[in-house]
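The structure under discussion appears below in the form of structure tokens.
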Amino acid sequence: MYNLTTALKAAAGNAGSAEATNPNAWDISYAELDTSDSDNYFNLDTMVFIEDFSVATEEANTRGMFFKSDGTKMYITGNSGDDVNEYALSTAWDPTTASYTTTFSVSSQDTTPSGVHFKTDGTKMYVIGYTSDSVHEYDLSTAWDVSTASYSQSFSVATQSDIPEDLWFKPDGTKMYVTGPTSDAVHEYNLSTAWDVSTASHNQSQSVAAQETGPRGLCFKSDGTKMWISGTAADGIDEFSLSTAWDVSTISYVRFTSFNGANALTSAGTTNVAETNPFALFWTPDGDKLFMTGNVTDKVHVFKTGVNFKDVSSEETIPNGVFFKPNGTKMYVIGRQYDKVHEYDLSTAWDTTTASLNQSFSVNSQAPAPQGLFFKSDGTKMYVTGSTNDAVHEYDLSTAWDVSTTSFNQSFSVATQLATPNAVFFKDDGTKMYSTGNTSDAVFEYDLSTAWDVSTASYSQSFSVASEETAPRGLFFKDDGTKMYVCGSTGDDINEYDLSTAWDVSTASYSQNFYVGTQEPNLEGMYFKPDGTAFWITGNLYDNVYKYNIRSS
């Protein structure tokens, strides 16, 4: 008899060896978003929200932000406290590990400070504000310790910007840049003595009004070839390229990303960032993280770039299920917007960033509003379920894994057990079938007297998941049947269960969960790599397929 476990392990390149190499395989407590696409660092299109950190206790009108060069300190300024607040980060570049340490008042120079910047060695601090319309320079007797700051001198930018909001320096201190909402421009200054603002002179200005009429935040890539502007008119970030490094007259517009409301950054699949007043911006030196703050939420929002995900919105705007060929060279997505199964080719196995659409197959005749998808391990059968006719539909593929060769075979009703089946899964030998749906809050198990033939299915038993998920959508089992995973749109998480008897859902016990709502708050489907070292999710809010790795330690 054809054995799914054997086939999957062979196709995946010996899953047993992978599990030996990664002792945490199938353990979702070790899951993390795949951000291995380093070629797309500094790229807003590959950016997703991962976390945020409130600074409201120290500053209720957050404006400016800066980080120490090694990521172990963070600085926040604003015009509520009129000071610079310093935080220590126990984990570099992770603001959720920040603890408030000290503050330094700048009210003697400006009562509405809006931007802050440091010399690269931490011995000087610069604050800009729109009470004075000036850049104020401070000396720090202990590098990066604002409690040791003392006022040195100021430089007025009122002629160019009478409401300056943010500032940036070239790393060698010979150029300074200022932006603000009244001029809608970036102003470039030369410093004849590096880091000495008294030697600054206006060089040139470059309008950004075509993209943002209320610029607030400003930052540059360390080599001066990229510039980012945030603003409150468009409520997002504009990216520009500079053909001549550090020369703002050579900028060209690249892209825009919105932070406006709950559907912010829909192209990148980000959520939970309702920041309609974005101000300061800051990138990590390698460009894998972007930090943004604003005074609607008074939080530091953290975004990750280089994320491994596939936007499928061109084919399906309500993706519900995802499945892969066992060797990772094909991906299939099903959705209820167009009632189709979409087949993608992956030029690099398991890397969804390399996926390209091959073809699609409509299942509308049998399953309008389809949601669940499963393939037999040899690719010669496909199973679809949906919320319209409460059945599992079986299809034959005359050419394995080629959906264009699909033909409908037969259906099996599950209406007696669940009214809206959202997922379908089979035991490795095809003798058991499982389904779940959001009206039943349970996983239902069926026996098949003839393997893979749904017409021979008979209901066996069920297991309630209502304590963990009241709207279950996706279902998956470990290849040996000793673990079960259920995902849904209520908890926006994956719930892991242990089965004391393999493939017997009545022996399931809840183990743990893993939250994915920051990437997809309307979770629909999931798929695990055959060796248990990675999984993918999809949902119908952001129309993406995301990859997560299960780390080995």
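Scheme for the structure tokens: letters A, B, ... for chains in order shown; per-chain residue numbers from 1; ligand numbers from 1 in order shown.
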
Proximity of range 27-80 of chain A to range 163-187 of chain A: per-residue shortest pair, 10 Å limit, only C-alpha atoms, as a tab-separated table:
```
residue	atom	partner	partner_atom	distance
A:Arg63	CA	A:Glu165	CA	7.9
A:Gly64	CA	A:Asp166	CA	7.0
A:Met65	CA	A:Asp166	CA	9.4
```

Based on the backbone DSSP call, show me all residues of range 351-478 of chain A assigned strand (DSSP E), as a PyMOL selection string. chain A and resi 355-362+370-375+381-386+391-397+406-413+421-426+432-437+442-448+457-464+472-477

All residues 9 Å or closer to Glu394 in chain A, only C-alpha atoms, same chain fewer than 4 positions away omitted, as a PyMOL selection string: chain A and resi 381-384+407-412+452-454

Residues from the last selection, N, CA and C atoms, saved as a PDB file, in the first residue's frame:
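Everything below was put into part_28.pdb:
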```
ATOM      1  N   LYS A 381      -4.992  12.805  -6.480  1.00  0.00           N
ATOM      2  CA  LYS A 381      -6.319  13.142  -5.980  1.00  0.00           C
ATOM      3  C   LYS A 381      -6.261  14.477  -5.233  1.00  0.00           C
ATOM      4  N   MET A 382      -7.353  15.231  -5.339  1.00  0.00           N
ATOM      5  CA  MET A 382      -7.479  16.497  -4.636  1.00  0.00           C
ATOM      6  C   MET A 382      -8.825  16.507  -3.923  1.00  0.00           C
ATOM      7  N   TYR A 383      -8.834  17.082  -2.717  1.00  0.00           N
ATOM      8  CA  TYR A 383     -10.046  17.144  -1.912  1.00  0.00           C
ATOM      9  C   TYR A 383     -10.305  18.598  -1.521  1.00  0.00           C
ATOM     10  N   VAL A 384     -11.565  19.006  -1.666  1.00  0.00           N
ATOM     11  CA  VAL A 384     -11.955  20.385  -1.390  1.00  0.00           C
ATOM     12  C   VAL A 384     -13.207  20.376  -0.529  1.00  0.00           C
ATOM     13  N   SER A 407     -10.470  16.420 -12.651  1.00  0.00           N
ATOM     14  CA  SER A 407     -11.869  16.131 -12.983  1.00  0.00           C
ATOM     15  C   SER A 407     -12.600  15.720 -11.711  1.00  0.00           C
ATOM     16  N   PHE A 408     -13.830  16.178 -11.577  1.00  0.00           N
ATOM     17  CA  PHE A 408     -14.616  15.861 -10.383  1.00  0.00           C
ATOM     18  C   PHE A 408     -14.987  14.386 -10.361  1.00  0.00           C
ATOM     19  N   ASN A 409     -14.881  13.781  -9.168  1.00  0.00           N
ATOM     20  CA  ASN A 409     -15.205  12.370  -9.007  1.00  0.00           C
ATOM     21  C   ASN A 409     -16.495  12.192  -8.206  1.00  0.00           C
ATOM     22  N   GLN A 410     -16.490  12.621  -6.932  1.00  0.00           N
ATOM     23  CA  GLN A 410     -17.643  12.370  -6.072  1.00  0.00           C
ATOM     24  C   GLN A 410     -17.564  13.253  -4.821  1.00  0.00           C
ATOM     25  N   SER A 411     -18.629  13.246  -4.031  1.00  0.00           N
ATOM     26  CA  SER A 411     -18.698  14.069  -2.823  1.00  0.00           C
ATOM     27  C   SER A 411     -19.189  13.239  -1.644  1.00  0.00           C
ATOM     28  N   PHE A 412     -18.892  13.729  -0.457  1.00  0.00           N
ATOM     29  CA  PHE A 412     -19.371  13.105   0.776  1.00  0.00           C
ATOM     30  C   PHE A 412     -19.875  14.204   1.697  1.00  0.00           C
ATOM     31  N   TRP A 452      -8.813   6.606   0.534  1.00  0.00           N
ATOM     32  CA  TRP A 452      -8.894   7.779  -0.351  1.00  0.00           C
ATOM     33  C   TRP A 452     -10.218   7.902  -1.104  1.00  0.00           C
ATOM     34  N   ASP A 453     -11.175   7.030  -0.803  1.00  0.00           N
ATOM     35  CA  ASP A 453     -12.476   7.047  -1.475  1.00  0.00           C
ATOM     36  C   ASP A 453     -13.514   7.615  -0.504  1.00  0.00           C
ATOM     37  N   VAL A 454     -13.879   8.900  -0.691  1.00  0.00           N
ATOM     38  CA  VAL A 454     -14.749   9.546   0.288  1.00  0.00           C
ATOM     39  C   VAL A 454     -16.148   8.944   0.314  1.00  0.00           C
TER      40      VAL A 454
END
```

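For the residues A:Asp238, A:Asp286, A:Phe309, A:Val403, ranking by smallest atom-to-atom distance to Lys330 in chain A using only C-alpha atoms places A:Val403 first.
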
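Interatomic distance, CA of Glu275 in chain A against CA of Tyr75 in chain A: 19.4 Å.
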
Would you kindly return, as a VMD selection string, each protein, DNA or RNA residue with an atom no farther than 12 Å from any atom of Val146 in chain A, considering only C-alpha atoms and excluding same-chain residues fewer than 4 positions away? chain A and resid 68 73 to 77 83 to 88 101 to 106 116 to 118 122 to 127 138 to 142 150 to 151

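Using only C-alpha atoms, the shortest contact distance between Gln337 in chain A and any of A:Ser314, A:Ser509, A:Ser90, A:Thr353 is found at A:Ser314.
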
Pull the closest atom pair for each residue of range 283-377 of chain A that gets at most 12 Å from range 459-474 of chain A, along with the distance in Å to one decimal, counting only C-alpha atoms, ordering rows by chain and then ascending residue number, as JSON lines.
```
{"residue": "A:Pro319", "atom": "CA", "partner": "A:Arg473", "partner_atom": "CA", "distance": 11.7}
{"residue": "A:Asn320", "atom": "CA", "partner": "A:Arg473", "partner_atom": "CA", "distance": 8.1}
{"residue": "A:Gly321", "atom": "CA", "partner": "A:Gly474", "partner_atom": "CA", "distance": 7.5}
{"residue": "A:Val322", "atom": "CA", "partner": "A:Gly474", "partner_atom": "CA", "distance": 9.4}
{"residue": "A:Phe323", "atom": "CA", "partner": "A:Gly474", "partner_atom": "CA", "distance": 11.2}
{"residue": "A:Pro370", "atom": "CA", "partner": "A:Arg473", "partner_atom": "CA", "distance": 11.8}
{"residue": "A:Gln371", "atom": "CA", "partner": "A:Arg473", "partner_atom": "CA", "distance": 8.2}
{"residue": "A:Gly372", "atom": "CA", "partner": "A:Gly474", "partner_atom": "CA", "distance": 7.5}
{"residue": "A:Leu373", "atom": "CA", "partner": "A:Gly474", "partner_atom": "CA", "distance": 9.7}
{"residue": "A:Phe374", "atom": "CA", "partner": "A:Gly474", "partner_atom": "CA", "distance": 11.2}
```

Closest of A:Thr482, A:Thr317, A:Asn40, A:Ser198 to Tyr542 in chain A - atom-to-atom distances counting only C-alpha atoms: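 The answer is A:Thr317, which sits nearest to Tyr542 in chain A.
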
Tell me which protein, DNA and RNA residues are within 8 Å of Val197 in chain A, counting only C-alpha atoms, leaving out same-chain ones fewer than 6 positions away, and put them as an MDAnalysis selection string. chainID A and resid 135 137 153:155 191

Give me, as a tab-separated table (two decimals) with C-alpha atoms, in the first residue's frame, all polymer residues having an atom no more than 6 Å from Gly129 in chain A, counting only C-alpha atoms and skipping those fewer than 5 positions away in the same chain.
```
chain	number	residue	atom	x	y	z
A	110	ASP	CA	12.65	74.47	23.42
A	112	THR	CA	8.12	71.64	21.90
A	113	PRO	CA	11.02	69.32	21.06
A	114	SER	CA	10.23	67.17	18.05
```

Do you have the CA of Pro215 in chain A-CA of Asp196 in chain A distance handy?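 Taking CA of Pro215 in chain A as the start and CA of Asp196 in chain A as the end point, the length is 25.3 Å.
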
Point-to-point distance from CA of Ser69 in chain A to CA of Ala245 in chain A, Å rounded to tenths: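 Separation between CA of Ser69 in chain A and CA of Ala245 in chain A: 20.8 Å.
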
Fewer than 6 positions away in the same chain doesn't count, so skip those; otherwise give me all residues within 9 Å of range 20-31 of chain A, counting only C-alpha atoms, as a ChimeraX atom specification. /A:478,483,494-496,512-514,528,531-535,548-553

Among range 179-332 of chain A, which ones does DSSP place in helix (DSSP H, G or I), written as a ChimeraX atom specification? /A:197-199,248-250,266-268

Distance criterion (only C-alpha atoms): nearest to Ser80 in chain A out of A:Val248, A:Val55, A:Ala98, A:Val157: A:Val55

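For the set A:Phe303, A:Met227, A:Thr276, A:Lys427, the residue with the smallest atom-to-atom gap to Asp288 in chain A is A:Phe303, counting only C-alpha atoms.
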